>>> print(open('model-v5.cif').read())   # mmCIF, C-alpha atoms
data_data
#
loop_
_atom_site.label_atom_id
_atom_site.label_comp_id
_atom_site.auth_asym_id
_atom_site.auth_seq_id
_atom_site.Cartn_x
_atom_site.Cartn_y
_atom_site.Cartn_z
CA MET A 1 21.23 -1.83 29.65
CA GLN A 2 22.80 -5.01 28.29
CA TYR A 3 21.10 -8.29 29.14
CA GLY A 4 24.05 -9.37 31.33
CA GLU A 5 23.73 -6.29 33.54
CA LEU A 6 19.97 -6.75 33.70
CA ILE A 7 20.32 -10.35 34.89
CA ARG A 8 22.90 -9.42 37.53
CA GLN A 9 20.87 -6.49 38.86
CA ARG A 10 17.64 -8.46 39.09
CA ARG A 11 19.40 -11.44 40.71
CA THR A 12 21.04 -9.34 43.39
CA ALA A 13 17.83 -7.34 43.97
CA LEU A 14 16.02 -10.62 44.69
CA GLY A 15 18.77 -11.76 47.07
CA MET A 16 19.97 -14.65 44.93
CA ASN A 17 23.51 -15.75 44.17
CA GLN A 18 24.50 -17.22 40.82
CA ALA A 19 24.02 -20.77 42.07
CA ASP A 20 20.46 -19.98 43.22
CA LEU A 21 19.56 -18.54 39.80
CA ALA A 22 21.21 -21.48 38.05
CA ALA A 23 19.11 -23.95 40.07
CA ARG A 24 15.87 -22.12 39.32
CA THR A 25 16.71 -21.85 35.63
CA GLY A 26 18.03 -25.38 35.11
CA VAL A 27 21.55 -24.41 34.03
CA SER A 28 25.01 -24.42 35.63
CA ARG A 29 26.43 -21.59 37.72
CA ASN A 30 29.12 -21.07 35.04
CA THR A 31 26.36 -20.52 32.50
CA VAL A 32 24.84 -17.78 34.66
CA ALA A 33 28.28 -16.22 35.08
CA GLY A 34 28.68 -16.23 31.30
CA TRP A 35 25.35 -14.44 30.89
CA GLU A 36 26.22 -11.75 33.37
CA THR A 37 29.56 -11.03 31.71
CA ASN A 38 27.92 -11.01 28.24
CA HIS A 39 30.14 -13.90 27.11
CA SER A 40 27.07 -15.97 26.27
CA ARG A 41 23.38 -15.32 25.75
CA PRO A 42 20.41 -17.20 27.23
CA ASP A 43 18.85 -19.40 24.54
CA LEU A 44 15.16 -19.12 23.79
CA ASN A 45 14.38 -22.39 25.53
CA THR A 46 15.73 -20.97 28.78
CA LEU A 47 14.17 -17.52 28.59
CA PRO A 48 10.75 -18.36 30.11
CA SER A 49 12.24 -19.94 33.25
CA LEU A 50 14.92 -17.20 33.49
CA CYS A 51 12.34 -14.40 33.30
CA ALA A 52 10.14 -16.22 35.81
CA ALA A 53 13.07 -16.54 38.23
CA LEU A 54 13.97 -12.87 37.80
CA LYS A 55 10.26 -11.88 38.02
CA ILE A 56 10.35 -9.88 34.81
CA SER A 57 8.51 -10.13 31.51
CA LEU A 58 10.01 -11.06 28.17
CA ASN A 59 9.35 -7.48 27.07
CA THR A 60 11.47 -6.20 29.94
CA PHE A 61 14.27 -8.63 29.11
CA PHE A 62 14.35 -7.50 25.49
CA GLY A 63 13.98 -3.85 26.45
CA THR A 64 10.56 -3.42 24.81
CA GLU A 65 8.05 -2.32 27.36
CA ARG A 66 5.24 -1.76 24.91
CA LYS A 67 2.20 -3.96 25.27
CA ARG A 68 2.27 -6.97 22.97
CA THR A 69 -0.43 -7.31 20.36
CA ALA A 70 -2.81 -10.26 20.48
CA GLU A 71 -0.99 -11.77 17.50
CA GLU A 72 2.42 -11.44 19.16
CA THR A 73 1.10 -12.99 22.37
CA ARG A 74 -0.38 -15.90 20.43
CA VAL A 75 2.88 -16.49 18.55
CA LEU A 76 4.91 -16.55 21.75
CA GLU A 77 2.45 -18.83 23.54
CA VAL A 78 2.51 -21.34 20.69
CA PHE A 79 6.30 -21.09 20.34
CA PHE A 80 7.02 -21.77 24.00
CA SER A 81 4.54 -24.66 24.06
CA LEU A 82 6.70 -26.53 21.53
CA GLU A 83 9.54 -28.91 22.33
CA ALA A 84 13.11 -27.66 21.98
CA GLY A 85 13.71 -29.35 18.63
CA ASP A 86 10.50 -27.94 17.18
CA ARG A 87 11.44 -24.46 18.38
CA GLU A 88 14.76 -24.68 16.57
CA SER A 89 12.95 -25.78 13.41
CA ILE A 90 10.53 -22.86 13.65
CA LEU A 91 13.39 -20.42 14.29
CA TRP A 92 15.26 -21.75 11.27
CA GLN A 93 12.20 -21.21 9.05
CA MET A 94 11.63 -17.69 10.43
CA GLU A 95 15.26 -16.74 9.85
CA ALA A 96 15.13 -18.17 6.32
CA LEU A 97 12.02 -16.09 5.57
CA ARG A 98 13.67 -12.99 7.03
CA ASP A 99 16.82 -13.52 4.96
CA ARG A 100 14.85 -14.10 1.75
CA ARG A 101 12.87 -10.92 2.40
CA ALA A 102 16.10 -8.97 3.00
CA GLU A 103 17.62 -10.37 -0.21
CA LYS A 104 14.49 -9.42 -2.17
CA ARG A 105 14.64 -5.86 -0.85
CA GLU A 106 18.30 -5.59 -1.79
CA ARG A 107 17.53 -6.80 -5.33
CA GLU A 108 14.64 -4.34 -5.62
CA LYS A 109 16.97 -1.49 -4.68
CA LEU A 110 18.94 -2.25 -7.85
CA ILE A 111 15.80 -2.03 -10.01
CA PRO A 112 14.71 1.59 -10.49
CA LEU A 113 11.09 2.36 -9.73
CA PRO A 114 9.00 3.09 -12.82
CA ARG A 115 7.90 6.68 -13.35
CA THR A 116 4.34 7.33 -12.24
CA VAL A 117 1.73 10.05 -12.50
CA THR A 118 -1.16 10.77 -10.16
CA LEU A 119 -4.52 11.67 -11.70
CA PHE A 120 -7.87 12.58 -10.24
CA MET A 121 -10.47 9.86 -10.87
CA ASN A 122 -13.89 11.49 -10.97
CA GLU A 123 -16.63 9.35 -9.42
CA LEU A 124 -19.24 11.04 -11.64
CA GLY A 125 -19.52 9.72 -15.17
CA ALA A 126 -19.88 11.35 -18.57
CA ALA A 127 -22.90 10.04 -20.42
CA ALA A 128 -22.61 8.23 -23.70
CA GLY A 129 -26.32 8.61 -24.19
CA PHE A 130 -28.50 10.33 -21.65
CA GLY A 131 -27.12 13.12 -19.48
CA ALA A 132 -25.24 12.36 -16.26
CA ALA A 133 -24.46 14.89 -13.55
CA LEU A 134 -20.84 16.03 -13.83
CA GLY A 135 -20.89 18.97 -11.50
CA GLU A 136 -18.56 19.45 -8.55
CA ALA A 137 -15.68 16.99 -8.62
CA GLN A 138 -16.04 13.93 -6.43
CA GLY A 139 -13.51 11.15 -6.39
CA GLU A 140 -9.99 10.19 -5.41
CA LYS A 141 -6.44 10.24 -6.70
CA MET A 142 -5.11 7.29 -8.70
CA VAL A 143 -1.46 6.41 -9.36
CA LEU A 144 -0.69 5.29 -12.92
CA LEU A 145 2.45 4.27 -14.77
CA ALA A 146 3.78 7.15 -16.82
CA ASP A 147 3.51 6.91 -20.61
CA ARG A 148 2.64 9.24 -23.52
CA GLU A 149 -1.07 9.15 -22.66
CA THR A 150 -1.07 9.30 -18.87
CA GLU A 151 1.50 12.11 -18.80
CA ARG A 152 -0.79 14.27 -20.97
CA ALA A 153 -3.94 13.50 -18.97
CA ASP A 154 -5.37 15.53 -16.10
CA GLU A 155 -8.35 13.42 -15.07
CA ILE A 156 -10.05 10.02 -15.38
CA ILE A 157 -13.77 9.91 -16.17
CA THR A 158 -16.04 6.87 -16.50
CA VAL A 159 -18.23 6.40 -19.58
CA CYS A 160 -21.94 5.85 -18.90
CA GLY A 161 -24.20 4.48 -21.64
CA ARG A 162 -23.93 3.11 -25.19
CA SER A 163 -23.96 6.08 -27.53
CA MET A 164 -20.18 5.96 -28.19
CA GLU A 165 -20.05 2.25 -29.03
CA PRO A 166 -18.00 0.68 -30.51
CA THR A 167 -15.31 3.27 -29.64
CA PHE A 168 -16.17 3.42 -25.94
CA PHE A 169 -18.39 1.12 -23.93
CA ASP A 170 -20.38 1.63 -20.76
CA GLY A 171 -17.97 1.46 -17.81
CA ASP A 172 -14.82 2.34 -19.77
CA ARG A 173 -12.56 4.78 -17.96
CA VAL A 174 -11.09 7.44 -20.21
CA LEU A 175 -8.07 9.69 -19.84
CA VAL A 176 -9.03 13.34 -20.21
CA GLN A 177 -6.76 16.30 -20.91
CA HIS A 178 -8.34 19.54 -19.70
CA THR A 179 -8.91 22.05 -22.49
CA LYS A 180 -11.64 24.42 -23.62
CA ASP A 181 -10.96 24.00 -27.34
CA LEU A 182 -11.14 20.93 -29.58
CA GLN A 183 -10.39 20.34 -33.23
CA GLU A 184 -13.20 19.01 -35.36
CA GLY A 185 -13.30 15.22 -35.16
CA GLU A 186 -11.79 15.02 -31.66
CA ILE A 187 -13.67 13.32 -28.85
CA GLY A 188 -14.25 15.38 -25.74
CA ILE A 189 -16.07 15.67 -22.46
CA PHE A 190 -18.77 18.33 -22.57
CA LEU A 191 -20.86 19.94 -19.86
CA VAL A 192 -24.36 20.70 -21.13
CA ASP A 193 -26.64 22.38 -18.56
CA ASN A 194 -24.53 20.73 -15.80
CA GLU A 195 -24.82 17.28 -17.35
CA GLY A 196 -21.73 15.54 -18.68
CA TYR A 197 -21.41 13.94 -22.11
CA ILE A 198 -18.66 12.19 -24.03
CA LYS A 199 -19.09 12.99 -27.73
CA GLU A 200 -17.22 13.65 -30.95
CA TYR A 201 -17.04 17.37 -31.73
CA ARG A 202 -18.12 18.57 -35.16
CA LYS A 203 -19.21 21.98 -36.35
CA ASP A 204 -22.85 20.93 -36.62
CA GLY A 205 -23.03 19.48 -33.08
CA LEU A 206 -21.88 16.69 -30.80
CA HIS A 207 -21.94 13.32 -32.51
CA SER A 208 -22.39 9.81 -31.14
CA HIS A 209 -20.60 6.82 -32.71
CA ASN A 210 -23.63 4.58 -32.19
CA PRO A 211 -26.02 5.33 -35.09
CA GLU A 212 -29.01 4.73 -32.79
CA TYR A 213 -28.34 8.09 -31.11
CA ARG A 214 -28.99 11.45 -32.69
CA THR A 215 -26.56 14.34 -32.99
CA MET A 216 -26.80 16.82 -30.14
CA THR A 217 -27.47 20.40 -31.26
CA PHE A 218 -28.10 23.40 -29.05
CA HIS A 219 -29.92 26.71 -28.91
CA GLU A 220 -28.55 29.98 -27.57
CA ASP A 221 -30.13 29.66 -24.13
CA GLN A 222 -28.28 26.44 -23.34
CA SER A 223 -25.00 26.37 -21.41
CA VAL A 224 -22.44 24.25 -23.28
CA ARG A 225 -18.73 24.09 -22.58
CA CYS A 226 -15.85 21.72 -23.21
CA ILE A 227 -14.24 20.09 -20.18
CA GLY A 228 -11.43 18.33 -21.96
CA ARG A 229 -10.07 16.16 -24.75
CA VAL A 230 -10.37 12.35 -24.50
CA ILE A 231 -6.89 10.93 -25.03
CA GLY A 232 -7.88 7.27 -24.83
CA LYS A 233 -9.09 4.46 -22.60
CA LEU A 234 -7.38 3.65 -19.34
CA LYS A 235 -5.54 0.35 -20.00
CA ASP A 236 -4.68 -2.43 -17.56
CA GLU A 237 -0.97 -2.06 -18.35
CA GLN A 238 -1.11 1.58 -17.19
CA ILE A 239 -2.18 0.50 -13.69
CA PRO A 240 0.73 -0.45 -11.39
CA SER A 241 0.79 -3.98 -10.00
CA ARG A 242 0.41 -4.53 -6.28
CA GLU A 243 4.14 -5.30 -6.07
CA ILE A 244 5.07 -2.00 -7.70
CA MET A 245 2.63 -0.10 -5.48
CA ASN A 246 4.18 -1.74 -2.41
CA ARG A 247 7.63 -0.63 -3.58
CA ILE A 248 6.36 2.89 -4.19
CA THR A 249 4.80 2.99 -0.71
CA GLU A 250 8.00 1.68 0.90
CA ALA A 251 10.10 4.26 -0.98
CA GLU A 252 7.77 7.08 0.09
CA GLN A 253 7.89 5.88 3.70
CA ALA A 254 11.69 5.67 3.62
CA GLY A 255 11.80 9.21 2.23
CA LYS A 256 9.64 10.49 5.10
CA GLU A 257 11.83 8.78 7.68
CA THR A 258 14.99 10.40 6.28
CA ARG A 259 13.50 13.90 6.31
#
>>> encode(input="model-v5.cif", output="C-alpha cells")
Amino acid sequence: MQYGELIRQRRTALGMNQADLAARTGVSRNTVAGWETNHSRPDLNTLPSLCAALKISLNTFFGTERKRTAEETRVLEVFFSLEAGDRESILWQMEALRDRRAEKREREKLIPLPRTVTLFMNELGAAAGFGAALGEAQGEKMVLLADRETERADEIITVCGRSMEPTFFDGDRVLVQHTKDLQEGEIGIFLVDNEGYIKEYRKDGLHSHNPEYRTMTFHEDQSVRCIGRVIGKLKDEQIPSREIMNRITEAEQAGKETR
C-alpha cells in the first residue's frame, strides 16, 4: 500500500476529514490532500505528529512491522528530539555517508578480487626441540592470498622451540605441503611416536639447525613418518587485509543471494 492510501484509509477509519487531520498535524488541508494523492510526501518533521494522529507507528507507516532494535529506537528518539534545522543537517550527513559508501562499492566492483586459497591451520605445533603432540588435527581454516607458496601448501603448522634457529623461530607459522617422501636436505614435519617435529632430513637422521641440539636417530621399534615438506614461513603479505576479507565476504554473500 502506498503511503497516500494508508493515510486516507486511516483518516476515514478514525472518522476524520482532511481538515481535521491537517489541524492535528499542523499543516494545511491542501497538504493532506497532496499526501493522499501521492503528489507530495510528509517530511520527517511532520511524521511523528501524523502517525500520532493516525494512531499508527512509524514502522507501520513505512511498511516495516518488524520490531526495532534498541539502536534503531535510540537513533529515532535522538533524531526527533532535535530541532528542524538540526534534523536536516543530520539527514544531509547520513545521505553523504550513504552516497560515499555506494560510490566505494561501485569502485570496488571494478577492481577484481585477488585470488585466495584456504588452508587448514593446525592448532597443535611441531617441535623444534622437544616433542609436541601432533596427533588428530585440531584447528580452523584460514584464507590466504594465492602465490607460488600458498598454492602448493596443504596446511599451516606452528613451530615450537628453538632447535631450528636461525631458520625458524618459536612461534613461526610454516606452510606445509603434504608428502611422505623428502629429498635429502629438505625440511619437513615428522611424526615420531605421535610427537611432531620440524627438522631437516638427511640420511643419517633428522637434523636441527641450532648446534645446541643433537641429531635425531631412531631404532627399528620406533614409529617415524613424514607428514609433509616445509615450503616456507607464513608471511604477513600472504594474509589478506581486513578490507579484502570484507570484500570477499560481501562477494560470497552476494553469490548466495543470487543462487
>>> residues_near_point(input="model-v5.cif", point="(25.6, -18.9, 35.8)", cutoff="8 Å", atoms="only C-alpha atoms", output="PyMOL selection string")
chain A and resi 18-19+21-22+27-36
>>> residues_around(input="model-v5.cif", residues="Val230 (chain A)", least_positions_apart="3", cutoff="9 Å", atoms="all atoms listed in the file", output="list in words")
Ala153, Val174, Leu175, Val176, Gln177, His178, Glu186, Ile187, Gly188, Ile189, Ile198 and Lys233 of chain A
>>> closest_residue(input="model-v5.cif", among="A:Tyr201, A:Glu151, A:Thr25, A:Arg41", to="Gly4 (chain A)", atoms="all atoms listed in the file")
A:Arg41
>>> atom_distance(input="model-v5.cif", atom1="CA of Gly196 (chain A)", atom2="CA of Thr150 (chain A)")
21.6 Å
>>> axis_aligned_box(input="model-v5.cif", around="region 11-24 of chain A", padding_each_side="8 Å", output="AutoDock Vina command-line options")
--center_x 20.2 --center_y -15.6 --center_z 42.6 --size_x 24.6 --size_y 32.6 --size_z 25.0
>>> resolve_selection(input="model-v5.cif", expression="the PyMOL selection byres ((chain A and resi 225) around 8)", output="PDB file with C-alpha atoms, in the frame of the given file")
ATOM      1  CA  LYS A 180     -11.640  24.420 -23.620  1.00  0.00           C
ATOM      2  CA  PHE A 190     -18.770  18.330 -22.570  1.00  0.00           C
ATOM      3  CA  LEU A 191     -20.860  19.940 -19.860  1.00  0.00           C
ATOM      4  CA  VAL A 192     -24.360  20.700 -21.130  1.00  0.00           C
ATOM      5  CA  SER A 223     -25.000  26.370 -21.410  1.00  0.00           C
ATOM      6  CA  VAL A 224     -22.440  24.250 -23.280  1.00  0.00           C
ATOM      7  CA  CYS A 226     -15.850  21.720 -23.210  1.00  0.00           C
ATOM      8  CA  ILE A 227     -14.240  20.090 -20.180  1.00  0.00           C
TER       9      ILE A 227
END
>>> closest_residue(input="model-v5.cif", among="A:Ala102, A:Ala96, A:Ile156, A:Leu76", to="Asn122 (chain A)", atoms="only C-alpha atoms")
A:Ile156
>>> atom_distance(input="model-v5.cif", atom1="CA of Asn210 (chain A)", atom2="CA of Arg162 (chain A)")
7.2 Å
>>> residues_around(input="model-v5.cif", residues="Phe120 (chain A)", least_positions_apart="6", cutoff="7 Å", atoms="only C-alpha atoms", output="list in words")
Gly139, Glu140, Lys141, Met142, Glu155 and Ile156 of chain A
>>> atom_distance(input="model-v5.cif", atom1="CA of Glu165 (chain A)", atom2="CA of Lys199 (chain A)")
10.9 Å
>>> resolve_selection(input="model-v5.cif", expression="the PyMOL selection byres ((chain A and resi 235) around 12)", output="list of chain:residue names")
A:Leu144, A:Leu145, A:Ala146, A:Asp147, A:Glu149, A:Thr150, A:Ile156, A:Asp172, A:Arg173, A:Val174, A:Leu175, A:Ile231, A:Gly232, A:Lys233, A:Leu234, A:Asp236, A:Glu237, A:Gln238, A:Ile239, A:Pro240
>>> resolve_selection(input="model-v5.cif", expression="the PyMOL selection byres ((chain A and resi 47) around 12)", output="PyMOL selection string")
chain A and resi 3+7+24-27+35+41-46+48-62+76+79-80
>>> closest_residue(input="model-v5.cif", among="A:Thr249, A:Ala84, A:Arg105, A:Glu184", to="His207 (chain A)", atoms="only C-alpha atoms")
A:Glu184
